[in-house]
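Data first, discussion second: the structure below is written as structure tokens.
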Amino acid sequence: MNPAYNVIITPLITEKNNVLAQEKKYAFKVAPRATKIEIGKSVEHLFGVKVKAVNIMNYKGKPKRAGKSAKVGSRADWKKAVVTLSEGSIDSF
């Protein structure tokens with residue numbers, strides 16, 4: 001199992017996620033190979049809360065052009081996790 005700091009990369013702070021926080025749902029950018037169980041245990045360990053459910057979504061990197069010759073590349077793929085809490089809340093949001 002990965003250490004908690006290697007699973008959770010960063011919290012995602014947007015208007016939509018601020019509304020979800022009122023329903024005890026928090027969004028995080030997580031490691032691409034992280035599983036639901038690892039994500040749930042990491043959130044419990046880092047924030048000291050009880051996790052009810054974890055939903056994950058995989059995002060494909062956007063295609064981008066670079067330079068004058070317009071070489072086509074792409075951004076990295078990434079994974080998002082929405083964690084629902086059964087008890088408590090995360091104060092850092």
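Within each chain, counting starts at residue 1; across the structure tokens, chains are named A, B, ... in the order shown, with ligands numbered 1 upward in that order.
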**OP:** Write out as JSON, numbers by chain each polymer residue whose atoms come within 6 Å of stretch 79-83 of chain A, counting only C-alpha atoms; drop sequence neighbours fewer than 6 positions from it.
**Re:** {"A": [25, 26, 27, 28, 29, 30, 32, 53, 54, 55, 56, 57, 58, 59]}
**OP:** Determine, counting only C-alpha atoms, which protein, DNA and RNA residues have an atom within 6 Å of an atom of stretch 49-51 of chain A; residues of the same chain fewer than 3 positions away are not included. Present the result as a PyMOL selection string.
**Re:** chain A and resi 44+85-88
If you keep C-alpha atoms, can you produce a file of those selected residues as a PDB file, in the first residue's frame?
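Wrote out15.pdb, looks like this:
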ATOM      1  CA  GLU A  44      -9.126   8.919   6.975  1.00  0.00           C
ATOM      2  CA  LEU A  85     -17.923  11.427   4.603  1.00  0.00           C
ATOM      3  CA  SER A  86     -20.198   9.758   7.124  1.00  0.00           C
ATOM      4  CA  GLU A  87     -18.955  11.727  10.126  1.00  0.00           C
ATOM      5  CA  GLY A  88     -17.103  15.013  10.550  1.00  0.00           C
TER       6      GLY A  88
END
Subject >> strand (DSSP E) positions in chain A, given as a PyMOL selection string >> reply: chain A and resi 8-11+25-30+50-59+63-66+71-74+78-87
Original post:
Between atom CA of A:Lys52 and atom CA of A:Asp77, what is the distance, to one decimal in Å?
Top reply: 26.6 Å
Original post:
Excluding same-chain residues fewer than 5 positions from A:Gly61, what lies within 9 Å of it counting only C-alpha atoms, as a PyMOL selection string?
Top reply: chain A and resi 74-78
Export of prior selection with N, CA and C atoms as a PDB file, in the first residue's frame:
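Ended up saving to selection_22.pdb:
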ATOM      1  N   SER A  74       0.161  16.037 -25.762  1.00  0.00           N
ATOM      2  CA  SER A  74      -1.012  16.016 -24.902  1.00  0.00           C
ATOM      3  C   SER A  74      -0.603  16.180 -23.450  1.00  0.00           C
ATOM      4  N   ARG A  75      -1.545  16.672 -22.652  1.00  0.00           N
ATOM      5  CA  ARG A  75      -1.334  16.756 -21.223  1.00  0.00           C
ATOM      6  C   ARG A  75      -1.436  15.353 -20.637  1.00  0.00           C
ATOM      7  N   ALA A  76      -0.988  15.216 -19.411  1.00  0.00           N
ATOM      8  CA  ALA A  76      -1.011  13.915 -18.760  1.00  0.00           C
ATOM      9  C   ALA A  76      -2.436  13.520 -18.368  1.00  0.00           C
ATOM     10  N   ASP A  77      -2.723  12.217 -18.406  1.00  0.00           N
ATOM     11  CA  ASP A  77      -3.984  11.706 -17.902  1.00  0.00           C
ATOM     12  C   ASP A  77      -3.981  11.838 -16.380  1.00  0.00           C
ATOM     13  N   TRP A  78      -5.173  11.991 -15.770  1.00  0.00           N
ATOM     14  CA  TRP A  78      -5.237  12.126 -14.328  1.00  0.00           C
ATOM     15  C   TRP A  78      -6.518  11.506 -13.791  1.00  0.00           C
TER      16      TRP A  78
END
